[in-house]
Structure formats: C-alpha cells, structure tokens
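File shown here: structure_30.cif, holding mmCIF, C-alpha atoms.
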```cif
data_start
loop_
_atom_site.label_atom_id
_atom_site.label_comp_id
_atom_site.auth_asym_id
_atom_site.auth_seq_id
_atom_site.Cartn_x
_atom_site.Cartn_y
_atom_site.Cartn_z
CA MET A 1 -84.71 51.06 -4.08
CA ASN A 2 -87.51 49.23 -5.83
CA LEU A 3 -90.49 48.67 -3.58
CA ASP A 4 -92.74 45.63 -3.95
CA ARG A 5 -96.12 47.31 -4.27
CA SER A 6 -97.99 43.99 -3.99
CA VAL A 7 -97.34 43.98 -0.22
CA ARG A 8 -97.41 46.68 2.46
CA VAL A 9 -94.87 49.34 1.61
CA TRP A 10 -94.13 50.99 4.98
CA PRO A 11 -92.26 47.95 6.38
CA GLN A 12 -90.03 48.00 3.31
CA VAL A 13 -89.28 51.69 3.85
CA ARG A 14 -88.64 51.04 7.55
CA ASP A 15 -86.28 48.19 6.73
CA GLU A 16 -84.28 50.33 4.29
CA LEU A 17 -84.03 53.19 6.79
CA ARG A 18 -83.00 50.68 9.48
CA ARG A 19 -80.31 49.32 7.14
CA ARG A 20 -78.99 52.86 6.64
CA LEU A 21 -78.93 53.45 10.39
CA ASP A 22 -77.05 50.17 10.92
CA ALA A 23 -74.56 51.12 8.19
CA GLY A 24 -73.83 54.41 9.95
CA GLN A 25 -75.25 56.60 7.20
CA TYR A 26 -76.95 58.62 9.94
CA LYS A 27 -74.85 59.38 13.02
CA PRO A 28 -76.13 59.46 16.63
CA GLY A 29 -77.59 62.86 17.47
CA GLU A 30 -77.92 63.78 13.79
CA ARG A 31 -81.25 65.08 12.54
CA PHE A 32 -83.10 62.37 10.66
CA PRO A 33 -84.84 63.19 7.36
CA GLY A 34 -88.43 64.32 7.74
CA THR A 35 -91.41 62.45 6.43
CA VAL A 36 -91.76 64.78 3.44
CA ALA A 37 -88.19 63.99 2.33
CA ILE A 38 -88.61 60.27 2.97
CA ALA A 39 -91.90 60.21 1.06
CA ALA A 40 -90.30 61.99 -1.90
CA GLU A 41 -87.23 59.73 -1.94
CA PHE A 42 -89.22 56.50 -1.85
CA ASP A 43 -92.16 57.83 -3.91
CA VAL A 44 -94.67 56.98 -1.18
CA SER A 45 -97.28 58.95 0.73
CA GLN A 46 -96.34 60.97 3.80
CA SER A 47 -98.56 58.62 5.81
CA THR A 48 -96.44 55.66 4.71
CA ALA A 49 -93.24 57.52 5.58
CA GLN A 50 -94.72 58.46 8.97
CA LYS A 51 -95.50 54.81 9.76
CA ALA A 52 -91.88 53.87 9.03
CA VAL A 53 -90.56 56.66 11.28
CA VAL A 54 -92.97 55.77 14.09
CA ALA A 55 -91.81 52.15 13.91
CA LEU A 56 -88.15 53.21 14.16
CA ARG A 57 -89.01 55.45 17.10
CA ALA A 58 -90.79 52.52 18.81
CA GLU A 59 -87.61 50.46 18.35
CA GLY A 60 -85.65 53.19 20.13
CA ARG A 61 -83.62 54.08 17.05
CA LEU A 62 -85.02 57.62 16.79
CA ARG A 63 -86.12 60.25 19.26
CA THR A 64 -88.46 63.07 18.35
CA VAL A 65 -88.31 66.59 19.74
CA LEU A 66 -91.58 68.45 19.37
CA GLY A 67 -91.19 71.24 16.83
CA GLN A 68 -87.66 70.19 15.85
CA GLY A 69 -88.01 66.79 14.20
CA SER A 70 -86.54 63.35 14.68
CA PHE A 71 -82.96 62.60 15.63
CA VAL A 72 -80.88 59.43 15.59
CA ALA A 73 -80.84 57.98 19.09
CA ASP A 74 -77.52 57.90 20.92
#
```

So that I can check it, write out the structure of this file as structure tokens.
Amino acid sequence: MNLDRSVRVWPQVRDELRRRLDAGQYKPGERFPGTVAIAAEFDVSQSTAQKAVVALRAEGRLRTVLGQGSFVAD
C-alpha cells in the first residue's frame, strides 16, 4: 500500500486495517498484529501504528487484553 505522506498517515493505516477486517482477513477472536508488526509493514512509526489500533479499538473492532495484545472483536 502506498501511503500519501502529504496528509496524516495514521488514518490511512486505520482505513487499510479496517478494510482487511471487513474482508475477513482477520477472524473474530484471532490475535491482531501488534504495533511493531504494523509499523514495519506500513513503514511508519510505532506511534502511528498505535493511533490506528486505538481508533479501531474505539470503534469496537478490536479488544485488548493487558499483557496479551489485541484481538479481533466477536
């Protein structure tokens, strides 16, 4: 995915991850990639990846278990 670096990047990352969730690439209950993996895949900072994950969690698409990571919401 080519990111448009002239605008904020985290919403673009969020939108791509949302698209993947909608397409069923990640199944309910499945562990979601961590921010380090997301940052590496999209070539962004961990902070940018974290903002995308937090936004998906706020939408109710992910749930986070302390010390275990994020999981796709049922």

Check your understanding: Do you know which residues the PyMOL selection byres ((chain A and resi 30-42) around 9) returns on this file, as a ChimeraX atom specification?
Key -> /A:1-3,13,26-29,43-50,52-53,62,68-73

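Picture a line from CA of Gln12 (chain A) to CA of Lys51 (chain A); it runs 10.9 Å.
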
Check your understanding: What is the CA of Leu66 (chain A)-CA of Arg8 (chain A) distance in Å, reported with one decimal?
Key ->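 Separation between CA of Leu66 (chain A) and CA of Arg8 (chain A): 28.2 Å.
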
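Comparing A:Asp4, A:Gly67, A:Ala55, A:Asp74 by their smallest distance to Leu17 (chain A), the closest is A:Ala55 (using only C-alpha atoms).
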
Write out N, CA and C atoms for region 45-61 of chain A, as a short mmCIF file (atom, residue, chain, number, x, y, z; two decimals), in the frame of the given file.
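Dumped everything to out_9.cif:
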```cif
data_model
loop_
_atom_site.label_atom_id
_atom_site.label_comp_id
_atom_site.auth_asym_id
_atom_site.auth_seq_id
_atom_site.Cartn_x
_atom_site.Cartn_y
_atom_site.Cartn_z
N SER A 45 -96.53 57.89 0.06
CA SER A 45 -97.28 58.95 0.73
C SER A 45 -96.58 59.34 2.03
N GLN A 46 -96.90 60.53 2.52
CA GLN A 46 -96.34 60.97 3.80
C GLN A 46 -96.83 60.07 4.93
N SER A 47 -98.02 59.54 4.81
CA SER A 47 -98.56 58.62 5.81
C SER A 47 -97.71 57.36 5.89
N THR A 48 -97.30 56.85 4.75
CA THR A 48 -96.44 55.66 4.71
C THR A 48 -95.09 55.97 5.33
N ALA A 49 -94.53 57.11 5.00
CA ALA A 49 -93.24 57.52 5.58
C ALA A 49 -93.38 57.69 7.09
N GLN A 50 -94.49 58.26 7.54
CA GLN A 50 -94.72 58.46 8.97
C GLN A 50 -94.77 57.13 9.71
N LYS A 51 -95.42 56.13 9.13
CA LYS A 51 -95.50 54.81 9.76
C LYS A 51 -94.11 54.22 9.93
N ALA A 52 -93.25 54.39 8.94
CA ALA A 52 -91.88 53.87 9.03
C ALA A 52 -91.11 54.58 10.15
N VAL A 53 -91.26 55.89 10.24
CA VAL A 53 -90.56 56.66 11.28
C VAL A 53 -91.09 56.29 12.66
N VAL A 54 -92.38 56.15 12.80
CA VAL A 54 -92.97 55.77 14.09
C VAL A 54 -92.45 54.40 14.52
N ALA A 55 -92.32 53.48 13.59
CA ALA A 55 -91.81 52.15 13.91
C ALA A 55 -90.36 52.23 14.39
N LEU A 56 -89.54 53.05 13.74
CA LEU A 56 -88.15 53.21 14.16
C LEU A 56 -88.06 53.88 15.52
N ARG A 57 -88.97 54.81 15.79
CA ARG A 57 -89.01 55.45 17.10
C ARG A 57 -89.40 54.42 18.17
N ALA A 58 -90.36 53.56 17.86
CA ALA A 58 -90.79 52.52 18.81
C ALA A 58 -89.66 51.54 19.11
N GLU A 59 -88.77 51.34 18.16
CA GLU A 59 -87.61 50.46 18.35
C GLU A 59 -86.50 51.15 19.15
N GLY A 60 -86.66 52.45 19.39
CA GLY A 60 -85.65 53.19 20.13
C GLY A 60 -84.51 53.69 19.27
N ARG A 61 -84.68 53.64 17.96
CA ARG A 61 -83.62 54.08 17.05
C ARG A 61 -83.67 55.58 16.79
#
```
